[in-house]
file entry-v6.txt (compact mmCIF, N, CA and C atoms)
# COMPACT_ATOMS: atom_id res chain seq x y z
N MET A 17 -9.47 6.69 4.88
CA MET A 17 -8.35 7.24 4.15
C MET A 17 -8.46 6.82 2.69
N LYS A 18 -8.13 7.72 1.79
CA LYS A 18 -8.22 7.47 0.35
C LYS A 18 -6.83 7.39 -0.27
N ALA A 19 -6.76 6.76 -1.44
CA ALA A 19 -5.51 6.71 -2.20
C ALA A 19 -5.86 6.83 -3.68
N ILE A 20 -4.95 7.43 -4.44
CA ILE A 20 -5.15 7.58 -5.89
C ILE A 20 -4.05 6.79 -6.60
N CYS A 21 -4.44 6.07 -7.64
CA CYS A 21 -3.49 5.26 -8.40
C CYS A 21 -2.55 6.18 -9.19
N ILE A 22 -1.25 5.99 -9.01
CA ILE A 22 -0.28 6.80 -9.74
C ILE A 22 0.51 5.98 -10.75
N GLN A 23 0.38 4.64 -10.67
CA GLN A 23 1.08 3.77 -11.62
C GLN A 23 0.39 2.42 -11.64
N ASN A 24 0.25 1.85 -12.84
CA ASN A 24 -0.18 0.46 -12.92
C ASN A 24 0.84 -0.29 -13.76
N TYR A 25 0.79 -1.60 -13.70
CA TYR A 25 1.83 -2.39 -14.34
C TYR A 25 1.36 -3.10 -15.60
N GLY A 26 0.26 -2.64 -16.18
CA GLY A 26 -0.13 -3.08 -17.49
C GLY A 26 -1.03 -4.30 -17.60
N ASN A 27 -1.44 -4.87 -16.50
CA ASN A 27 -2.36 -6.01 -16.57
C ASN A 27 -3.79 -5.51 -16.68
N ASP A 28 -4.66 -6.31 -17.27
CA ASP A 28 -6.06 -5.91 -17.43
C ASP A 28 -6.76 -5.66 -16.11
N PHE A 29 -6.36 -6.39 -15.06
CA PHE A 29 -7.01 -6.24 -13.76
C PHE A 29 -6.40 -5.11 -12.92
N ASP A 30 -5.35 -4.48 -13.41
CA ASP A 30 -4.71 -3.39 -12.67
C ASP A 30 -5.60 -2.16 -12.62
N PRO A 31 -5.46 -1.36 -11.59
CA PRO A 31 -6.21 -0.10 -11.52
C PRO A 31 -5.71 0.84 -12.61
N LYS A 32 -6.55 1.77 -12.98
CA LYS A 32 -6.17 2.77 -13.97
C LYS A 32 -5.55 3.96 -13.25
N VAL A 33 -4.57 4.60 -13.87
CA VAL A 33 -3.97 5.79 -13.29
C VAL A 33 -5.06 6.83 -13.09
N GLY A 34 -5.11 7.41 -11.92
CA GLY A 34 -6.14 8.38 -11.57
C GLY A 34 -7.31 7.79 -10.82
N GLU A 35 -7.44 6.45 -10.83
CA GLU A 35 -8.53 5.79 -10.10
C GLU A 35 -8.33 5.98 -8.60
N VAL A 36 -9.42 6.28 -7.90
CA VAL A 36 -9.36 6.53 -6.46
C VAL A 36 -9.93 5.34 -5.69
N VAL A 37 -9.20 4.92 -4.67
CA VAL A 37 -9.70 3.93 -3.73
C VAL A 37 -10.24 4.73 -2.56
N GLU A 38 -11.53 4.62 -2.33
CA GLU A 38 -12.20 5.46 -1.33
C GLU A 38 -11.85 5.09 0.10
N ASP A 39 -11.60 3.81 0.36
CA ASP A 39 -11.34 3.39 1.72
C ASP A 39 -10.27 2.31 1.69
N ILE A 40 -9.11 2.61 2.25
CA ILE A 40 -8.02 1.64 2.27
C ILE A 40 -8.26 0.67 3.43
N VAL A 41 -8.56 -0.57 3.09
CA VAL A 41 -8.77 -1.63 4.07
C VAL A 41 -7.89 -2.79 3.64
N LEU A 42 -7.00 -3.24 4.53
CA LEU A 42 -6.05 -4.27 4.12
C LEU A 42 -6.69 -5.56 3.70
N ALA A 43 -7.90 -5.84 4.14
CA ALA A 43 -8.56 -7.08 3.71
C ALA A 43 -8.76 -7.08 2.20
N ASP A 44 -8.96 -5.91 1.61
CA ASP A 44 -9.16 -5.78 0.17
C ASP A 44 -7.97 -5.14 -0.53
N PHE A 45 -7.11 -4.50 0.22
CA PHE A 45 -6.04 -3.67 -0.34
C PHE A 45 -4.76 -4.06 0.39
N TYR A 46 -3.99 -4.98 -0.21
CA TYR A 46 -2.86 -5.59 0.47
C TYR A 46 -1.60 -4.76 0.25
N ILE A 47 -1.23 -3.95 1.24
CA ILE A 47 -0.08 -3.06 1.14
C ILE A 47 1.19 -3.87 1.39
N THR A 48 2.09 -3.85 0.41
CA THR A 48 3.34 -4.59 0.53
C THR A 48 4.56 -3.69 0.62
N SER A 49 4.41 -2.41 0.27
CA SER A 49 5.51 -1.45 0.36
C SER A 49 4.95 -0.08 0.70
N LEU A 50 5.75 0.68 1.44
CA LEU A 50 5.36 2.03 1.85
C LEU A 50 6.57 2.93 1.75
N TRP A 51 6.41 4.07 1.06
CA TRP A 51 7.49 5.06 0.93
C TRP A 51 7.01 6.40 1.45
N ARG A 52 7.87 7.08 2.17
CA ARG A 52 7.58 8.43 2.65
C ARG A 52 8.81 9.29 2.34
N ASN A 53 8.57 10.37 1.60
CA ASN A 53 9.66 11.29 1.22
C ASN A 53 10.82 10.55 0.55
N GLY A 54 10.49 9.56 -0.27
CA GLY A 54 11.50 8.83 -1.03
C GLY A 54 12.20 7.71 -0.28
N SER A 55 11.88 7.54 1.00
CA SER A 55 12.49 6.48 1.80
C SER A 55 11.46 5.39 2.10
N GLU A 56 11.91 4.14 1.99
CA GLU A 56 10.98 3.04 2.27
C GLU A 56 10.84 2.86 3.78
N ILE A 57 9.60 2.66 4.20
CA ILE A 57 9.28 2.40 5.60
C ILE A 57 9.20 0.88 5.78
N ASP A 58 9.88 0.37 6.77
CA ASP A 58 9.91 -1.07 7.02
C ASP A 58 8.56 -1.55 7.55
N LEU A 59 7.96 -2.51 6.87
CA LEU A 59 6.67 -3.06 7.27
C LEU A 59 6.80 -4.44 7.91
N GLU A 60 8.04 -4.92 8.07
CA GLU A 60 8.22 -6.25 8.65
C GLU A 60 7.91 -6.24 10.14
N ASP A 61 7.26 -7.27 10.59
CA ASP A 61 6.91 -7.43 12.00
C ASP A 61 8.15 -7.88 12.77
N PRO A 62 8.66 -7.06 13.71
CA PRO A 62 9.87 -7.47 14.44
C PRO A 62 9.66 -8.71 15.31
N LYS A 63 8.41 -9.01 15.64
CA LYS A 63 8.11 -10.19 16.44
C LYS A 63 8.04 -11.45 15.59
N ARG A 64 7.83 -11.26 14.27
CA ARG A 64 7.71 -12.40 13.35
C ARG A 64 8.49 -12.09 12.08
N PRO A 65 9.81 -12.21 12.10
CA PRO A 65 10.61 -11.91 10.91
C PRO A 65 10.09 -12.64 9.68
N GLY A 66 10.05 -11.92 8.57
CA GLY A 66 9.55 -12.50 7.32
C GLY A 66 8.08 -12.26 7.10
N TYR A 67 7.38 -11.70 8.08
CA TYR A 67 5.95 -11.41 7.98
C TYR A 67 5.73 -9.90 8.12
N PHE A 68 4.61 -9.43 7.58
CA PHE A 68 4.25 -8.03 7.72
C PHE A 68 3.69 -7.75 9.10
N LYS A 69 3.77 -6.47 9.50
CA LYS A 69 3.14 -6.03 10.75
C LYS A 69 1.64 -6.26 10.65
N PRO A 70 0.94 -6.26 11.78
CA PRO A 70 -0.52 -6.41 11.75
C PRO A 70 -1.19 -5.29 10.96
N GLU A 71 -2.36 -5.62 10.39
CA GLU A 71 -3.12 -4.67 9.56
C GLU A 71 -3.31 -3.32 10.24
N SER A 72 -3.74 -3.33 11.48
CA SER A 72 -4.02 -2.07 12.18
C SER A 72 -2.76 -1.22 12.32
N GLU A 73 -1.63 -1.85 12.51
CA GLU A 73 -0.37 -1.12 12.66
C GLU A 73 0.06 -0.50 11.34
N ILE A 74 -0.08 -1.24 10.24
CA ILE A 74 0.27 -0.69 8.92
C ILE A 74 -0.64 0.49 8.59
N LEU A 75 -1.93 0.34 8.82
CA LEU A 75 -2.86 1.44 8.53
C LEU A 75 -2.55 2.66 9.38
N SER A 76 -2.13 2.46 10.62
CA SER A 76 -1.82 3.60 11.50
C SER A 76 -0.57 4.34 11.05
N LEU A 77 0.28 3.71 10.24
CA LEU A 77 1.49 4.35 9.74
C LEU A 77 1.21 5.32 8.59
N LEU A 78 0.11 5.11 7.86
CA LEU A 78 -0.15 5.88 6.65
C LEU A 78 -0.42 7.34 6.93
N LYS A 79 0.23 8.19 6.11
CA LYS A 79 0.03 9.63 6.20
C LYS A 79 -0.20 10.17 4.80
N GLU A 80 -0.90 11.28 4.71
CA GLU A 80 -1.14 11.92 3.42
C GLU A 80 0.20 12.18 2.73
N GLY A 81 0.26 11.83 1.45
CA GLY A 81 1.48 12.01 0.67
C GLY A 81 2.33 10.75 0.56
N ASP A 82 2.08 9.75 1.42
CA ASP A 82 2.82 8.49 1.33
C ASP A 82 2.51 7.80 0.01
N GLU A 83 3.45 7.02 -0.47
CA GLU A 83 3.20 6.16 -1.63
C GLU A 83 3.20 4.72 -1.14
N ILE A 84 2.23 3.96 -1.64
CA ILE A 84 2.11 2.56 -1.25
C ILE A 84 1.99 1.69 -2.49
N GLU A 85 2.45 0.46 -2.37
CA GLU A 85 2.28 -0.52 -3.43
C GLU A 85 1.31 -1.56 -2.94
N GLU A 86 0.37 -1.87 -3.80
CA GLU A 86 -0.69 -2.83 -3.48
C GLU A 86 -0.41 -4.10 -4.26
N ASN A 87 -0.20 -5.19 -3.57
CA ASN A 87 0.25 -6.42 -4.20
C ASN A 87 -0.80 -7.14 -5.04
N TYR A 88 -2.06 -7.17 -4.61
CA TYR A 88 -3.06 -7.94 -5.35
C TYR A 88 -3.23 -7.45 -6.78
N CYS A 89 -3.31 -6.17 -6.97
CA CYS A 89 -3.48 -5.61 -8.32
C CYS A 89 -2.20 -4.99 -8.84
N HIS A 90 -1.16 -5.02 -8.06
CA HIS A 90 0.14 -4.52 -8.47
C HIS A 90 0.10 -3.06 -8.90
N GLY A 91 -0.63 -2.26 -8.17
CA GLY A 91 -0.69 -0.83 -8.45
C GLY A 91 0.10 -0.05 -7.42
N ARG A 92 0.47 1.16 -7.81
CA ARG A 92 1.15 2.06 -6.88
C ARG A 92 0.23 3.24 -6.66
N TYR A 93 0.10 3.68 -5.41
CA TYR A 93 -0.87 4.70 -5.02
C TYR A 93 -0.23 5.77 -4.18
N ARG A 94 -0.83 6.95 -4.19
CA ARG A 94 -0.47 8.03 -3.27
C ARG A 94 -1.64 8.22 -2.33
N VAL A 95 -1.35 8.25 -1.03
CA VAL A 95 -2.37 8.45 -0.01
C VAL A 95 -2.79 9.93 -0.03
N VAL A 96 -4.11 10.14 -0.10
CA VAL A 96 -4.65 11.52 -0.14
C VAL A 96 -5.68 11.71 0.96
call {"tool": "encode", "arguments": {"input": "entry-v6.txt", "output": "structure tokens"}}
result
Amino acid sequence: MKAICIQNYGNDFDPKVGEVVEDIVLADFYITSLWRNGSEIDLEDPKRPGYFKPESEILSLLKEGDEIEENYCHGRYRVV
């Protein structure tokens, strides 16, 4: 699955708007927020409050058109 950067937060290490991530892998791409049709999707693990769901579960939630925020580089992306 690919994502395109739609916003960066101005740091030198941030992705550039229009930059494409060819393969979303949580080991390298830490998704901290997910929005679909303007609504935020809850990523908290119900079995472990305060923690995110497992990597495979978060990746299985992603659909084309979703917006995600990546914490390591603080960029916002659209899944394509």
call {"tool": "select_by_dssp", "arguments": {"input": "entry-v6.txt", "residues": "chain A", "states": "alpha helix (DSSP H)", "output": "list in words"}}
result
Glu71, Ser72, Glu73, Ile74, Leu75, Ser76 and Leu77 of chain A
call {"tool": "closest_residue", "arguments": {"input": "entry-v6.txt", "among": "A:Arg92, A:Ile20, A:Glu56, A:Glu80", "to": "A:Glu38", "atoms": "all atoms listed in the file"}}
result
A:Ile20
call {"tool": "atom_distance", "arguments": {"input": "entry-v6.txt", "atom1": "atom C of A:Asp82", "atom2": "atom N of A:Tyr67"}}
result
21.7 Å
call {"tool": "closest_residue", "arguments": {"input": "entry-v6.txt", "among": "A:Ala19, A:Asn24, A:Gly54, A:Glu71", "to": "A:Val37", "atoms": "all atoms listed in the file"}}
result
A:Ala19
call {"tool": "atom_distance", "arguments": {"input": "entry-v6.txt", "atom1": "atom CA of A:Gly81", "atom2": "atom CA of A:Phe68"}}
result
21.4 Å
call {"tool": "atom_distance", "arguments": {"input": "entry-v6.txt", "atom1": "atom N of A:Val96", "atom2": "atom C of A:Gly26"}}
result
22.9 Å
call {"tool": "select_by_dssp", "arguments": {"input": "entry-v6.txt", "residues": "chain A", "states": "strand (DSSP E)", "output": "number ranges by chain"}}
result
A: 19-23, 36-37, 47-52, 55-56, 83-86, 91-95
call {"tool": "write_last_selection", "arguments": {"input": "entry-v6.txt", "atoms": "N, CA and C atoms", "output": "mmCIF file, in the frame of the given file"}}
result
data_model
loop_
_atom_site.group_PDB
_atom_site.id
_atom_site.type_symbol
_atom_site.label_atom_id
_atom_site.label_comp_id
_atom_site.auth_asym_id
_atom_site.auth_seq_id
_atom_site.Cartn_x
_atom_site.Cartn_y
_atom_site.Cartn_z
ATOM 1 N N ALA A 19 -6.760 6.760 -1.440
ATOM 2 C CA ALA A 19 -5.510 6.710 -2.200
ATOM 3 C C ALA A 19 -5.860 6.830 -3.680
ATOM 4 N N ILE A 20 -4.950 7.430 -4.440
ATOM 5 C CA ILE A 20 -5.150 7.580 -5.890
ATOM 6 C C ILE A 20 -4.050 6.790 -6.600
ATOM 7 N N CYS A 21 -4.440 6.070 -7.640
ATOM 8 C CA CYS A 21 -3.490 5.260 -8.400
ATOM 9 C C CYS A 21 -2.550 6.180 -9.190
ATOM 10 N N ILE A 22 -1.250 5.990 -9.010
ATOM 11 C CA ILE A 22 -0.280 6.800 -9.740
ATOM 12 C C ILE A 22 0.510 5.980 -10.750
ATOM 13 N N GLN A 23 0.380 4.640 -10.670
ATOM 14 C CA GLN A 23 1.080 3.770 -11.620
ATOM 15 C C GLN A 23 0.390 2.420 -11.640
ATOM 16 N N VAL A 36 -9.420 6.280 -7.900
ATOM 17 C CA VAL A 36 -9.360 6.530 -6.460
ATOM 18 C C VAL A 36 -9.930 5.340 -5.690
ATOM 19 N N VAL A 37 -9.200 4.920 -4.670
ATOM 20 C CA VAL A 37 -9.700 3.930 -3.730
ATOM 21 C C VAL A 37 -10.240 4.730 -2.560
ATOM 22 N N ILE A 47 -1.230 -3.950 1.240
ATOM 23 C CA ILE A 47 -0.080 -3.060 1.140
ATOM 24 C C ILE A 47 1.190 -3.870 1.390
ATOM 25 N N THR A 48 2.090 -3.850 0.410
ATOM 26 C CA THR A 48 3.340 -4.590 0.530
ATOM 27 C C THR A 48 4.560 -3.690 0.620
ATOM 28 N N SER A 49 4.410 -2.410 0.270
ATOM 29 C CA SER A 49 5.510 -1.450 0.360
ATOM 30 C C SER A 49 4.950 -0.080 0.700
ATOM 31 N N LEU A 50 5.750 0.680 1.440
ATOM 32 C CA LEU A 50 5.360 2.030 1.850
ATOM 33 C C LEU A 50 6.570 2.930 1.750
ATOM 34 N N TRP A 51 6.410 4.070 1.060
ATOM 35 C CA TRP A 51 7.490 5.060 0.930
ATOM 36 C C TRP A 51 7.010 6.400 1.450
ATOM 37 N N ARG A 52 7.870 7.080 2.170
ATOM 38 C CA ARG A 52 7.580 8.430 2.650
ATOM 39 C C ARG A 52 8.810 9.290 2.340
ATOM 40 N N SER A 55 11.880 7.540 1.000
ATOM 41 C CA SER A 55 12.490 6.480 1.800
ATOM 42 C C SER A 55 11.460 5.390 2.100
ATOM 43 N N GLU A 56 11.910 4.140 1.990
ATOM 44 C CA GLU A 56 10.980 3.040 2.270
ATOM 45 C C GLU A 56 10.840 2.860 3.780
ATOM 46 N N GLU A 83 3.450 7.020 -0.470
ATOM 47 C CA GLU A 83 3.200 6.160 -1.630
ATOM 48 C C GLU A 83 3.200 4.720 -1.140
ATOM 49 N N ILE A 84 2.230 3.960 -1.640
ATOM 50 C CA ILE A 84 2.110 2.560 -1.250
ATOM 51 C C ILE A 84 1.990 1.690 -2.490
ATOM 52 N N GLU A 85 2.450 0.460 -2.370
ATOM 53 C CA GLU A 85 2.280 -0.520 -3.430
ATOM 54 C C GLU A 85 1.310 -1.560 -2.940
ATOM 55 N N GLU A 86 0.370 -1.870 -3.800
ATOM 56 C CA GLU A 86 -0.690 -2.830 -3.480
ATOM 57 C C GLU A 86 -0.410 -4.100 -4.260
ATOM 58 N N GLY A 91 -0.630 -2.260 -8.170
ATOM 59 C CA GLY A 91 -0.690 -0.830 -8.450
ATOM 60 C C GLY A 91 0.100 -0.050 -7.420
ATOM 61 N N ARG A 92 0.470 1.160 -7.810
ATOM 62 C CA ARG A 92 1.150 2.060 -6.880
ATOM 63 C C ARG A 92 0.230 3.240 -6.660
ATOM 64 N N TYR A 93 0.100 3.680 -5.410
ATOM 65 C CA TYR A 93 -0.870 4.700 -5.020
ATOM 66 C C TYR A 93 -0.230 5.770 -4.180
ATOM 67 N N ARG A 94 -0.830 6.950 -4.190
ATOM 68 C CA ARG A 94 -0.470 8.030 -3.270
ATOM 69 C C ARG A 94 -1.640 8.220 -2.330
ATOM 70 N N VAL A 95 -1.350 8.250 -1.030
ATOM 71 C CA VAL A 95 -2.370 8.450 -0.010
ATOM 72 C C VAL A 95 -2.790 9.930 -0.030
#
call {"tool": "residues_near_point", "arguments": {"input": "entry-v6.txt", "point": "(-5.1, 9.0, 6.4)", "cutoff": "9 Å", "atoms": "only C-alpha atoms", "output": "VMD selection string"}}
result
chain A and resid 17 to 19 40 75 to 80 95 to 96
call {"tool": "residues_around", "arguments": {"input": "entry-v6.txt", "residues": "A:Ile84", "least_positions_apart": "5", "cutoff": "8 Å", "atoms": "only C-alpha atoms", "output": "VMD selection string"}}
result
chain A and resid 47 to 51 92 to 95
call {"tool": "closest_residue", "arguments": {"input": "entry-v6.txt", "among": "A:Pro70, A:Leu59, A:Pro65, A:Glu85", "to": "A:Tyr46", "atoms": "only N, CA and C atoms"}}
result
A:Glu85
